[in-house]
Amino acid sequence: MPYRRTSSRRARRGKAFGVFWRLGWAMAVGLAAVVLLAAGRISAGPELAALVTAVIPALVGAGLALTGSAGARRADIVLWGLAAAVAAQMTGGAAGPLAIWCLAPLAAAASFRRANLLALGVACSVTAAGLVAMGSLLLPLPAPEPQLATWLSLLALSTTAVGTGAALVALQGESRRQMRQRDEAELSLREMLDHQPQLLLGVYPGGRILEAYGAAPVGFTAREFVGRNLSEIVSPDDRPAVEEALQVAVSEGSVEVAFIPAHDPQGWCALNLKRMSSIRIAGAVRDARAQRAREQDLEHARETAERQNAGKSRFLANMSHELRTPLNAIMGFSDIMRQRLFGPMSDRYIEYADLIHESGSHLLELINDILDMSKIEAERYELAREGFDAREAVTAVLRLMRGQADRAGVVLRGVLPAEPLEADADRRALKQIALNLISNALKFTPRNGAITVTLEGSGNVLELIVQDTGVGISPEDLERLGRPFEQAGDASQKAAGAGLGLSLVRAFARLHGGEMTIESALGEGTTVTVRMPVLVPAPVEAEPVPAVACSEA
């Protein structure tokens with residue numbers, strides 16, 4: 001805002017001076033004409049017409065000066081040139097008393113106090129003088145009486161001298177003011193550059209520092225950088241990186257590099273380079289020790305978190321392994337009790353043995369899931385790849401889950417190709433994927449619903465699709481699913497598992513180089529697709545080579 005107010009005031013002062021200058025010219029010429037008429041020195045004729053012609057551009061130019069537009073200023077200067085040429089032609093041409101008025105366009109241009117208009121003023125003055133000279137050679141021009149010519153010469157000289165002098169003085173004052181403003185702006189800019197928080201450098205592509213402004217790193221001053229090479233302020237180990245950064249800045253435009261200062265082995269600086277031209281690069285150096293300390297703290301915190309997470313995973317893996325031994329004994333003894341191997345038992349005890357065996361089976365599945373997820377997170381899970389028909393693994397899971405689906409009143413269908421799908425994968429992992437997806441679908445599919453399991457291959461990609469007609473999953477839950485211990489649905493559905501099924505499916509798919517995607521909408525069911533590049537292409541049988549009969553020589 002201060003700059004705009006100053007510029008506006010300067011423009012108003014320029015307009016006012018231009019108007020006053022032209023009105024002063026018109027008053028001087030008009031007053032001279034009145035005096036000459038009153039004294040009987042001039043009568044109606046070419047001389048009086050010449051004076052009137054000299055007043056016209058002054059009055060018209062005063063109106064044009066008020067507009068302040070660039071076009072109006074140029075039109076005003078051209079009008080002064082035409083009026084000066086006409087007035088000189090009416091009073092004897094180049095040898096007449098008013099020929100000096102050919103300088104009027106230059107004075108008018110200077111009155112605008114704009115140096116860029118002087119060239120136009122000079123051009124109009126030269127053009128007017130040329131027209132006057134040609135008229136003197138080619139036309140019979142009227143010549144005023146000697147006594148009147150003296151008065152007209154005095155008028156022309158005085159108005160031209162005073163007008164040109166006043167305009168040039170104003171122009172010089174405006175030029176000094178602009179120079180003073182430029183000096184103040186440059187001083188202010190240099191002060192800002194010297195006090196900004198970074199060290200700004202002007203650098204040759206070879207690394208020589210031309211200029212330096214601002215706050216230098218600890219142990220330096222900005223002046224110490226000028227004339228030196230960047231490699232001189234960088235530790236020997238980091239010089240190749242800085243030299244390479246200079247080349248990258250020239251070729252690509254910008255780059256950032258960090259280095260240790262040569263004078264401070266404990267320091268750390270960041271250097272940003274940006275190409276200004278083919279022979280000049282702008283650089284900014286800042287003290288990055290605080291940033292490096294934060295990065296080191298974050299790295300330390302990340303390593304600590306990873307160690308803690310790995311420790312947690314190892315603890316869960318060991319604990320799950322230790323729990324499976326007594327759990328297997330519990331399930332074995334409960335199974336013996338269910339089968340009455342050591343004698344008859346009451347029905348109530350048999351019911352209890354069934355509940356113990358069922359609960360143990362559920363707990364064993366949960367422990368196995370935790371053990372697998374712990375191994376995967378600890379990056380200790382190794383795939384046992386083997387060649388097998390993927391249909392057999394999925395068919396085994398369908399047989400295993402069909403009884404559970406029947407008890408839940410859900411139709412379980414399998415859509416498998418007739419041709420074998422030879423896969424190079426972990427058989428147990430594929431079964432676990434199918435088992436977890438079907439179990440999850442059963443949990444969310446109400447009675448009389450349907451689950452369709454589709455297995456197909458395309459190229460080397462094995463695709464397993466499990467689609468259900470269940471309640472669907474909300475968009476909020478859909479974003480969370482696939483992460484360990486994340487569950488969807490109501491309380492009863494969440495109580496049926498630990499939230500590891502889909503996370504294990506995704507983990508197993510990624511271990512095979514594949515992916516898992518979920519599509520679902522509330523009330524419309526859910527479709528989970530697992531794609532893994534594990535199929536083995538069928539061998540191409542070579543065509544028999546026809547026998548060639550050879551004749552004996």
# chains A, B, ... in the order shown; residues from 1 in each chain; ligands from 1
call {"tool": "residues_around", "arguments": {"residues": "Ala384 of chain A", "least_positions_apart": "5", "cutoff": "9 Å", "atoms": "only C-alpha atoms", "output": "PyMOL selection string"}}
result
chain A and resi 425-429
call {"tool": "residues_around", "arguments": {"residues": "Ala119 of chain A", "least_positions_apart": "6", "cutoff": "12 Å", "atoms": "only C-alpha atoms", "output": "NGL selection string"}}
result
:A and (74 or 77-78 or 105-110 or 125-126)
call {"tool": "residues_around", "arguments": {"residues": "segment 527-531 of chain A", "least_positions_apart": "6", "cutoff": "12 Å", "atoms": "only C-alpha atoms", "output": "number ranges by chain"}}
result
A: 430, 433-434, 436-438, 440-441, 444, 451-473, 478, 481-482, 502, 504-521
call {"tool": "write_last_selection", "arguments": {"atoms": "C-alpha atoms", "output": "compact mmCIF listing (two decimals), in the first residue's frame"}}
result
# COMPACT_ATOMS: atom_id res chain seq x y z
CA LEU A 430 -3.46 -71.37 -0.30
CA ILE A 433 -6.49 -68.22 2.25
CA ALA A 434 -9.54 -70.14 1.07
CA ASN A 436 -10.24 -67.72 6.06
CA LEU A 437 -12.26 -66.18 3.22
CA ILE A 438 -15.01 -68.81 3.43
CA ASN A 440 -15.36 -64.83 7.05
CA ALA A 441 -18.15 -65.06 4.45
CA PHE A 444 -21.53 -62.31 7.58
CA ILE A 451 -21.42 -68.28 -0.94
CA THR A 452 -19.73 -68.87 -4.28
CA VAL A 453 -16.06 -69.82 -4.49
CA THR A 454 -14.54 -69.35 -7.95
CA LEU A 455 -11.06 -70.50 -8.95
CA GLU A 456 -9.63 -69.63 -12.34
CA GLY A 457 -6.33 -68.87 -14.05
CA SER A 458 -5.17 -66.30 -16.59
CA GLY A 459 -1.60 -66.54 -17.82
CA ASN A 460 0.50 -67.04 -14.71
CA VAL A 461 -2.09 -65.46 -12.37
CA LEU A 462 -4.19 -67.64 -10.10
CA GLU A 463 -7.43 -65.90 -9.13
CA LEU A 464 -9.55 -66.98 -6.15
CA ILE A 465 -12.89 -65.18 -5.75
CA VAL A 466 -15.19 -65.65 -2.75
CA GLN A 467 -18.56 -63.92 -3.19
CA ASP A 468 -21.38 -63.95 -0.63
CA THR A 469 -24.92 -62.59 -0.38
CA GLY A 470 -24.41 -61.39 3.17
CA VAL A 471 -25.07 -58.11 4.93
CA GLY A 472 -22.15 -56.33 3.28
CA ILE A 473 -19.54 -54.03 4.79
CA LEU A 478 -13.96 -51.43 4.48
CA LEU A 481 -10.27 -54.34 7.04
CA GLY A 482 -7.09 -56.14 6.08
CA LEU A 502 -8.29 -60.99 6.18
CA LEU A 504 -3.46 -63.18 6.96
CA VAL A 505 -5.04 -63.50 3.51
CA ARG A 506 -3.48 -60.22 2.43
CA ALA A 507 -0.13 -61.19 3.97
CA PHE A 508 -0.08 -64.61 2.26
CA ALA A 509 -1.03 -63.02 -1.07
CA ARG A 510 1.79 -60.46 -0.79
CA LEU A 511 4.29 -63.18 0.13
CA HIS A 512 3.40 -64.80 -3.19
CA GLY A 513 3.76 -61.46 -5.03
CA GLY A 514 0.00 -60.96 -5.31
CA GLU A 515 -2.75 -58.81 -3.86
CA MET A 516 -6.18 -58.90 -2.22
CA THR A 517 -9.09 -56.61 -3.12
CA ILE A 518 -12.46 -56.22 -1.40
CA GLU A 519 -15.69 -54.95 -2.98
CA SER A 520 -18.75 -54.59 -0.81
CA ALA A 521 -21.91 -52.59 -0.21
call {"tool": "select_by_dssp", "arguments": {"residues": "segment 95-310 of chain A", "states": "strand (DSSP E)", "output": "MDAnalysis selection string"}}
result
chainID A and resid 199:203 209:214 254:259 269:277 280:287
call {"tool": "residues_around", "arguments": {"residues": "Ala156 of chain A", "least_positions_apart": "5", "cutoff": "7 Å", "atoms": "only C-alpha atoms", "output": "ChimeraX atom specification"}}
result
/A:98,100-101
call {"tool": "write_last_selection", "arguments": {"atoms": "all heavy atoms", "output": "PDB file, in the first residue's frame"}}
result
ATOM      1  N   LEU A  98      10.088  32.189 -36.057  1.00  0.00           N
ATOM      2  CA  LEU A  98       9.481  31.139 -35.229  1.00  0.00           C
ATOM      3  C   LEU A  98      10.058  29.755 -35.497  1.00  0.00           C
ATOM      4  O   LEU A  98       9.524  28.748 -35.032  1.00  0.00           O
ATOM      5  CB  LEU A  98       7.965  31.109 -35.467  1.00  0.00           C
ATOM      6  CG  LEU A  98       7.192  32.390 -35.106  1.00  0.00           C
ATOM      7  CD1 LEU A  98       5.700  32.169 -35.287  1.00  0.00           C
ATOM      8  CD2 LEU A  98       7.492  32.830 -33.681  1.00  0.00           C
ATOM      9  N   ILE A 100      12.601  28.494 -34.291  1.00  0.00           N
ATOM     10  CA  ILE A 100      13.111  27.908 -33.054  1.00  0.00           C
ATOM     11  C   ILE A 100      12.068  27.057 -32.359  1.00  0.00           C
ATOM     12  O   ILE A 100      12.379  26.183 -31.528  1.00  0.00           O
ATOM     13  CB  ILE A 100      13.619  29.039 -32.122  1.00  0.00           C
ATOM     14  CG1 ILE A 100      14.379  28.463 -30.929  1.00  0.00           C
ATOM     15  CG2 ILE A 100      12.436  29.871 -31.653  1.00  0.00           C
ATOM     16  CD1 ILE A 100      15.626  27.780 -31.323  1.00  0.00           C
ATOM     17  N   TRP A 101      10.767  27.303 -32.732  1.00  0.00           N
ATOM     18  CA  TRP A 101       9.706  26.514 -32.099  1.00  0.00           C
ATOM     19  C   TRP A 101       9.742  25.030 -32.511  1.00  0.00           C
ATOM     20  O   TRP A 101       8.993  24.215 -31.979  1.00  0.00           O
ATOM     21  CB  TRP A 101       8.341  27.116 -32.444  1.00  0.00           C
ATOM     22  CG  TRP A 101       7.940  28.178 -31.439  1.00  0.00           C
ATOM     23  CD1 TRP A 101       8.568  28.498 -30.297  1.00  0.00           C
ATOM     24  CD2 TRP A 101       6.807  29.033 -31.539  1.00  0.00           C
ATOM     25  NE1 TRP A 101       7.932  29.528 -29.647  1.00  0.00           N
ATOM     26  CE2 TRP A 101       6.824  29.876 -30.395  1.00  0.00           C
ATOM     27  CE3 TRP A 101       5.794  29.223 -32.483  1.00  0.00           C
ATOM     28  CZ2 TRP A 101       5.865  30.853 -30.169  1.00  0.00           C
ATOM     29  CZ3 TRP A 101       4.829  30.187 -32.242  1.00  0.00           C
ATOM     30  CH2 TRP A 101       4.854  31.000 -31.100  1.00  0.00           C
TER      31      TRP A 101
END
call {"tool": "atom_distance", "arguments": {"atom1": "atom CA of Phe315 of chain A", "atom2": "atom CA of Glu299 of chain A"}}
result
23.9 Å
call {"tool": "select_by_dssp", "arguments": {"residues": "segment 101-181 of chain A", "states": "alpha helix (DSSP H)", "output": "VMD selection string"}}
result
chain A and resid 104 to 111 118 to 138 146 to 181
call {"tool": "residues_around", "arguments": {"residues": "segment 335-343 of chain A", "least_positions_apart": "6", "cutoff": "7 Å", "atoms": "only C-alpha atoms", "output": "MDAnalysis selection string"}}
result
chainID A and resid 350 353:354 357
call {"tool": "write_last_selection", "arguments": {"atoms": "N, CA, C and O atoms", "output": "mmCIF file, in the first residue's frame"}}
result
data_model
loop_
_atom_site.group_PDB
_atom_site.id
_atom_site.type_symbol
_atom_site.label_atom_id
_atom_site.label_comp_id
_atom_site.auth_asym_id
_atom_site.auth_seq_id
_atom_site.Cartn_x
_atom_site.Cartn_y
_atom_site.Cartn_z
ATOM 1 N N ILE A 350 -20.616 -86.408 27.967
ATOM 2 C CA ILE A 350 -20.293 -86.413 26.537
ATOM 3 C C ILE A 350 -20.531 -85.023 25.936
ATOM 4 O O ILE A 350 -19.749 -84.529 25.112
ATOM 5 N N ALA A 353 -17.696 -82.898 26.945
ATOM 6 C CA ALA A 353 -16.495 -83.227 26.169
ATOM 7 C C ALA A 353 -16.562 -82.623 24.764
ATOM 8 O O ALA A 353 -15.557 -82.135 24.225
ATOM 9 N N ASP A 354 -17.787 -82.634 24.149
ATOM 10 C CA ASP A 354 -17.943 -81.998 22.827
ATOM 11 C C ASP A 354 -17.659 -80.499 22.915
ATOM 12 O O ASP A 354 -16.995 -79.924 22.033
ATOM 13 N N HIS A 357 -13.926 -79.925 23.265
ATOM 14 C CA HIS A 357 -13.231 -80.157 22.000
ATOM 15 C C HIS A 357 -13.500 -79.017 21.015
ATOM 16 O O HIS A 357 -12.596 -78.544 20.315
#
call {"tool": "residues_around", "arguments": {"residues": "segment 234-244 of chain A", "least_positions_apart": "3", "cutoff": "10 Å", "atoms": "only C-alpha atoms", "output": "list in words"}}
result
Pro205, Gly206, Gly207, Asn229, Leu230, Ser231, Gln247, Val248, Ala249, Val255, Glu256, Val257, Ala258, Phe259, Ile260, Pro261, Ala262, His263, Asp264, Pro265, Cys269, Leu271 and Leu273 of chain A
